[in-house]
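Chemist: Structure incoming, see below.
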Amino acid sequence: MLKQDFKYPDTKAYDFVVQTLQKRGVDLHDLAQMAYDLQSDFLPDLTVKECYDNLIQVMHKRELLNNAMVALELDRLCEEGQIKEPLESIIKNDAGVFGVDEALAIQISEIYGTIGVTNFGYMDRVKKGIIRKYDRDPQHVNTFIDDLLGAIVAALCGKLAHKYA
């Protein structure tokens, strides 16, 4: 039931996502650099600082925050053994036919249209940089975070493309 007096906790949600990413070893500057690397051929005047500044704006979008909070918590809960079987095994093994991790990520990448989605597809396929680090880490459950990072970069690429269109 919708409570009329509920106010969405924008700042708390943003802080939760950023702090959780930092605890997991993510430096937002790495995401800005990835976006720069993807977009600089198309936008020759683009700077890494501009990518970072726009990343912070993207990170404040509720669509991103909602999906990011769910994704980060599912990885954490699974790693702590807090999810019931068979879902826990499916997530721990990043089963290829699961697709929920990609579905959450695609919702984020869609914030800025199809350019975000195509960038996400590319990053999900090639898994470069920090995304590769999380995709290949056997010590932790990273089923959602690798796709989340790709989606954040993809959304940022979409924002930058729209800005200069």
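Naming scheme: A, B, ... for chains in displayed order of the structure tokens; residues 1 onward per chain; ligands 1 onward as shown.
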Considering only C-alpha atoms, return as number ranges by chain whatever protein or nucleic-acid residues lie within 12 Å of Lys12 in chain A, sequence-local ones (same chain, fewer than 5 positions apart) excluded.

Modeler: A: 7, 17-20, 60, 62, 65-66, 69

Chemist: Please dump the current selection as a short mmCIF file (atom, residue, chain, number, x, y, z; two decimals), in the first residue's frame; keep N, CA and C atoms.

Modeler:
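Output saved as part.cif:
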```cif
data_model
loop_
_atom_site.label_atom_id
_atom_site.label_comp_id
_atom_site.auth_asym_id
_atom_site.auth_seq_id
_atom_site.Cartn_x
_atom_site.Cartn_y
_atom_site.Cartn_z
N LYS A 7 8.36 9.73 1.70
CA LYS A 7 9.21 10.52 0.81
C LYS A 7 10.38 9.64 0.43
N VAL A 17 24.37 3.17 -2.28
CA VAL A 17 24.97 2.59 -3.49
C VAL A 17 26.45 2.95 -3.57
N VAL A 18 26.79 4.21 -3.39
CA VAL A 18 28.19 4.63 -3.51
C VAL A 18 29.04 3.97 -2.44
N GLN A 19 28.56 3.95 -1.21
CA GLN A 19 29.34 3.35 -0.13
C GLN A 19 29.49 1.84 -0.32
N THR A 20 28.45 1.18 -0.79
CA THR A 20 28.53 -0.26 -1.02
C THR A 20 29.51 -0.56 -2.15
N HIS A 60 22.61 9.57 -9.51
CA HIS A 60 21.50 10.09 -8.71
C HIS A 60 20.12 9.72 -9.28
N ARG A 62 16.90 7.75 -9.89
CA ARG A 62 16.20 6.75 -9.07
C ARG A 62 16.15 5.39 -9.73
N LEU A 65 19.43 3.86 -8.94
CA LEU A 65 19.55 3.56 -7.51
C LEU A 65 18.72 2.36 -7.10
N ASN A 66 17.49 2.29 -7.57
CA ASN A 66 16.63 1.17 -7.20
C ASN A 66 17.22 -0.16 -7.65
N MET A 69 20.58 -0.94 -5.75
CA MET A 69 20.41 -1.43 -4.38
C MET A 69 20.01 -2.89 -4.37
#
```

Chemist: DSSP on the backbone, alpha helix (DSSP H) only: what residues of range 89-141 of chain A does that give? Format it as a ChimeraX atom specification.

Modeler: /A:89-92,100-109,114-126,129-135

Chemist: Extract, using only C-alpha atoms, all DNA, RNA and protein residues at most 12 Å from Leu55 in chain A, discarding same-chain residues fewer than 3 positions from it, and format them as a VMD selection string.

Modeler: chain A and resid 18 27 to 36 48 to 52 58 to 61 64 149 151 to 160

Chemist: Any chance you could export the current selection's N, CA, C and O atoms as a compact mmCIF listing (two decimals), in the first residue's frame?

Modeler:
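Listed below is the output, out-v6.txt:
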```txt
# COMPACT_ATOMS: atom_id res chain seq x y z
N VAL A 18 26.79 4.21 -3.39
CA VAL A 18 28.19 4.63 -3.51
C VAL A 18 29.04 3.97 -2.44
O VAL A 18 30.12 3.44 -2.72
N ASP A 27 36.08 2.09 -7.59
CA ASP A 27 36.42 3.51 -7.62
C ASP A 27 35.62 4.11 -8.77
O ASP A 27 35.76 3.69 -9.94
N LEU A 28 34.77 5.07 -8.47
CA LEU A 28 33.93 5.67 -9.50
C LEU A 28 34.75 6.29 -10.62
O LEU A 28 34.30 6.37 -11.77
N HIS A 29 35.98 6.70 -10.32
CA HIS A 29 36.84 7.26 -11.37
C HIS A 29 37.14 6.21 -12.45
O HIS A 29 37.30 6.56 -13.63
N ASP A 30 37.20 4.94 -12.05
CA ASP A 30 37.41 3.87 -13.04
C ASP A 30 36.24 3.78 -14.01
O ASP A 30 36.42 3.53 -15.20
N LEU A 31 35.03 4.01 -13.51
CA LEU A 31 33.85 3.98 -14.37
C LEU A 31 33.86 5.17 -15.33
O LEU A 31 33.52 5.03 -16.51
N ALA A 32 34.25 6.34 -14.81
CA ALA A 32 34.35 7.53 -15.66
C ALA A 32 35.39 7.31 -16.76
O ALA A 32 35.17 7.69 -17.92
N GLN A 33 36.50 6.69 -16.40
CA GLN A 33 37.56 6.42 -17.39
C GLN A 33 37.06 5.46 -18.47
O GLN A 33 37.36 5.64 -19.65
N MET A 34 36.30 4.45 -18.06
CA MET A 34 35.75 3.51 -19.05
C MET A 34 34.84 4.23 -20.04
O MET A 34 34.91 3.99 -21.25
N ALA A 35 33.99 5.11 -19.52
CA ALA A 35 33.09 5.86 -20.40
C ALA A 35 33.89 6.76 -21.34
O ALA A 35 33.59 6.86 -22.53
N TYR A 36 34.91 7.39 -20.79
CA TYR A 36 35.78 8.22 -21.63
C TYR A 36 36.39 7.39 -22.75
O TYR A 36 36.38 7.80 -23.91
N VAL A 48 37.95 13.27 -19.06
CA VAL A 48 37.62 12.32 -18.00
C VAL A 48 36.86 13.03 -16.89
O VAL A 48 35.92 12.48 -16.32
N LYS A 49 37.24 14.28 -16.60
CA LYS A 49 36.55 15.04 -15.57
C LYS A 49 35.07 15.24 -15.94
O LYS A 49 34.19 15.10 -15.09
N GLU A 50 34.81 15.54 -17.19
CA GLU A 50 33.42 15.70 -17.63
C GLU A 50 32.67 14.38 -17.49
O GLU A 50 31.50 14.36 -17.07
N CYS A 51 33.34 13.28 -17.80
CA CYS A 51 32.71 11.97 -17.62
C CYS A 51 32.39 11.73 -16.15
O CYS A 51 31.29 11.28 -15.82
N TYR A 52 33.32 12.07 -15.28
CA TYR A 52 33.10 11.87 -13.85
C TYR A 52 31.94 12.74 -13.35
O TYR A 52 31.07 12.27 -12.61
N VAL A 58 24.32 10.79 -13.22
CA VAL A 58 23.67 9.53 -13.57
C VAL A 58 23.42 8.70 -12.32
O VAL A 58 22.36 8.08 -12.17
N MET A 59 24.38 8.71 -11.41
CA MET A 59 24.27 7.92 -10.18
C MET A 59 23.13 8.40 -9.27
O MET A 59 22.74 7.70 -8.35
N HIS A 60 22.61 9.57 -9.51
CA HIS A 60 21.50 10.09 -8.71
C HIS A 60 20.12 9.72 -9.28
O HIS A 60 19.10 10.03 -8.67
N LYS A 61 20.10 9.06 -10.44
CA LYS A 61 18.81 8.69 -11.04
C LYS A 61 18.17 7.58 -10.21
O LYS A 61 18.80 6.58 -9.89
N LEU A 64 18.37 4.02 -11.56
CA LEU A 64 19.67 3.40 -11.30
C LEU A 64 19.76 2.97 -9.85
O LEU A 64 20.15 1.84 -9.55
N LEU A 149 27.99 -2.54 -12.95
CA LEU A 149 29.04 -1.59 -13.35
C LEU A 149 28.96 -1.31 -14.85
O LEU A 149 29.08 -0.16 -15.28
N ALA A 151 26.32 -1.47 -16.68
CA ALA A 151 25.11 -0.68 -16.91
C ALA A 151 25.31 0.78 -16.53
O ALA A 151 24.81 1.68 -17.22
N ILE A 152 26.02 1.02 -15.45
CA ILE A 152 26.29 2.41 -15.05
C ILE A 152 27.12 3.11 -16.12
O ILE A 152 26.80 4.23 -16.53
N VAL A 153 28.16 2.45 -16.60
CA VAL A 153 28.99 3.04 -17.66
C VAL A 153 28.16 3.23 -18.93
O VAL A 153 28.25 4.26 -19.60
N ALA A 154 27.32 2.26 -19.26
CA ALA A 154 26.48 2.35 -20.45
C ALA A 154 25.51 3.53 -20.35
O ALA A 154 25.32 4.27 -21.31
N ALA A 155 24.90 3.70 -19.19
CA ALA A 155 24.00 4.83 -19.00
C ALA A 155 24.76 6.15 -19.13
O ALA A 155 24.28 7.10 -19.76
N LEU A 156 25.96 6.20 -18.57
CA LEU A 156 26.78 7.40 -18.70
C LEU A 156 27.11 7.68 -20.16
O LEU A 156 27.02 8.83 -20.61
N CYS A 157 27.46 6.65 -20.91
CA CYS A 157 27.73 6.83 -22.34
C CYS A 157 26.50 7.38 -23.06
O CYS A 157 26.61 8.26 -23.91
N GLY A 158 25.34 6.86 -22.70
CA GLY A 158 24.10 7.36 -23.29
C GLY A 158 23.85 8.82 -22.95
O GLY A 158 23.47 9.62 -23.80
N LYS A 159 24.09 9.19 -21.70
CA LYS A 159 23.91 10.59 -21.28
C LYS A 159 24.84 11.50 -22.07
O LYS A 159 24.43 12.56 -22.55
N LEU A 160 26.10 11.09 -22.18
CA LEU A 160 27.06 11.91 -22.92
C LEU A 160 26.67 12.03 -24.39
O LEU A 160 26.76 13.12 -24.98
```

Chemist: Please, what distance in Å, to one decimal, runs between CA of Lys128 in chain A and CA of Asp146 in chain A?

Modeler: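 Taking CA of Lys128 in chain A as the start and CA of Asp146 in chain A as the end point, the length is 10.3 Å.
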
Chemist: Mind pulling up the distance from CA of Ile56 in chain A to CA of Ile130 in chain A?

Modeler: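 If I compute the distance from CA of Ile130 in chain A to CA of Ile56 in chain A, I get 17.8 Å.
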
Chemist: Nearest residue to Gln22 in chain A out of A:Phe42, A:Gly116, A:Leu72, A:Glu79, using only C-alpha atoms?

Modeler: A:Leu72

Chemist: Compile the contact shell of range 134-143 of chain A as a list in words: residues with an atom at most 9 Å away, counting only C-alpha atoms, same-chain residues fewer than 3 positions apart removed.

Modeler: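 Final neighbour list, sorted by chain and number: Ala71, Leu72, Leu74, Asp75, Arg76, Cys78, Glu79, Ile91, Lys92, Asn93, Asp94, Ala95, Asp101, Lys127, Ile130, Ile131, Asp146 and Asp147 of chain A.
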
Chemist: Restricting the calculation to only C-alpha atoms, which member of A:Ala68, A:Leu87, A:Leu43, A:Val126 is positioned closest to Tyr14 in chain A?

Modeler: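 Looking only at the distances to Tyr14 in chain A, the closest residue turns out to be A:Ala68.
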
Chemist: Excluding same-chain residues fewer than 3 positions from Ala103 in chain A, what lies within 12 Å of it counting only C-alpha atoms, as a compact mmCIF listing (two decimals) with N, CA, C and O atoms, in the first residue's frame?

Modeler:
```txt
# COMPACT_ATOMS: atom_id res chain seq x y z
N ASN A 67 17.61 -0.24 -8.90
CA ASN A 67 18.17 -1.49 -9.42
C ASN A 67 19.52 -1.79 -8.80
O ASN A 67 19.84 -2.95 -8.52
N ALA A 68 20.33 -0.77 -8.56
CA ALA A 68 21.64 -0.97 -7.95
C ALA A 68 21.51 -1.50 -6.53
O ALA A 68 22.24 -2.42 -6.13
N VAL A 70 19.08 -3.27 -5.24
CA VAL A 70 18.64 -4.66 -5.31
C VAL A 70 19.80 -5.56 -5.73
O VAL A 70 20.06 -6.60 -5.11
N ALA A 71 20.53 -5.16 -6.76
CA ALA A 71 21.64 -5.97 -7.26
C ALA A 71 22.72 -6.16 -6.21
O ALA A 71 23.18 -7.28 -5.96
N VAL A 97 21.62 -19.03 -17.88
CA VAL A 97 20.21 -18.93 -18.25
C VAL A 97 19.39 -18.15 -17.21
O VAL A 97 18.18 -18.01 -17.37
N PHE A 98 20.04 -17.63 -16.18
CA PHE A 98 19.34 -16.88 -15.13
C PHE A 98 18.85 -15.55 -15.68
O PHE A 98 17.66 -15.29 -15.70
N GLY A 99 19.72 -14.69 -16.13
CA GLY A 99 19.35 -13.47 -16.83
C GLY A 99 18.79 -12.33 -16.00
O GLY A 99 18.59 -11.23 -16.52
N VAL A 100 18.52 -12.55 -14.73
CA VAL A 100 17.96 -11.48 -13.90
C VAL A 100 19.00 -10.38 -13.69
O VAL A 100 18.67 -9.20 -13.65
N ILE A 106 20.01 -3.93 -17.75
CA ILE A 106 19.42 -3.33 -18.95
C ILE A 106 18.46 -2.21 -18.57
O ILE A 106 18.41 -1.17 -19.24
N GLN A 107 17.73 -2.38 -17.48
CA GLN A 107 16.84 -1.30 -17.03
C GLN A 107 17.63 -0.03 -16.73
O GLN A 107 17.18 1.07 -17.02
N ILE A 108 18.81 -0.20 -16.15
CA ILE A 108 19.66 0.96 -15.88
C ILE A 108 20.18 1.55 -17.19
O ILE A 108 20.12 2.77 -17.40
N SER A 109 20.68 0.71 -18.07
CA SER A 109 21.25 1.21 -19.32
C SER A 109 20.21 1.89 -20.20
O SER A 109 20.54 2.77 -21.00
N GLU A 110 18.94 1.54 -20.06
CA GLU A 110 17.86 2.13 -20.86
C GLU A 110 17.50 3.56 -20.45
O GLU A 110 16.77 4.22 -21.17
N VAL A 117 21.75 0.85 -24.08
CA VAL A 117 21.56 -0.61 -24.18
C VAL A 117 22.63 -1.23 -25.06
O VAL A 117 23.20 -2.27 -24.71
N PHE A 120 25.81 -1.31 -23.17
CA PHE A 120 25.80 -2.37 -22.16
C PHE A 120 26.07 -3.72 -22.80
O PHE A 120 26.85 -4.52 -22.29
N GLY A 121 25.41 -3.99 -23.91
CA GLY A 121 25.62 -5.27 -24.60
C GLY A 121 27.08 -5.47 -24.96
O GLY A 121 27.64 -6.56 -24.78
N ASP A 124 29.04 -6.08 -21.69
CA ASP A 124 28.73 -7.39 -21.14
C ASP A 124 29.44 -8.48 -21.93
O ASP A 124 29.82 -9.51 -21.38
N PHE A 144 25.77 -9.93 -9.82
CA PHE A 144 25.07 -8.70 -10.17
C PHE A 144 26.00 -7.51 -10.35
O PHE A 144 25.76 -6.66 -11.20
N ASP A 147 27.55 -6.76 -13.94
CA ASP A 147 26.56 -6.21 -14.86
C ASP A 147 26.13 -4.81 -14.44
O ASP A 147 25.91 -3.94 -15.28
N LEU A 148 26.04 -4.58 -13.13
CA LEU A 148 25.69 -3.26 -12.62
C LEU A 148 26.72 -2.23 -13.08
O LEU A 148 26.35 -1.14 -13.56
N ALA A 151 26.32 -1.47 -16.68
CA ALA A 151 25.11 -0.68 -16.91
C ALA A 151 25.31 0.78 -16.53
O ALA A 151 24.81 1.68 -17.22
```

Chemist: Quick one: of A:Val26, A:Ala105, A:Leu2, A:Ile145, who's nearest to Asn119 in chain A, counting only C-alpha atoms?

Modeler: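 Among A:Val26, A:Ala105, A:Leu2, A:Ile145, it is A:Ala105 that comes nearest to Asn119 in chain A.
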
Chemist: Could you work out how far CA of Gln82 in chain A lies from CA of Phe6 in chain A, giving the answer in Å with one decimal?

Modeler: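 Computing it gives 28.3 Å between the two atoms.
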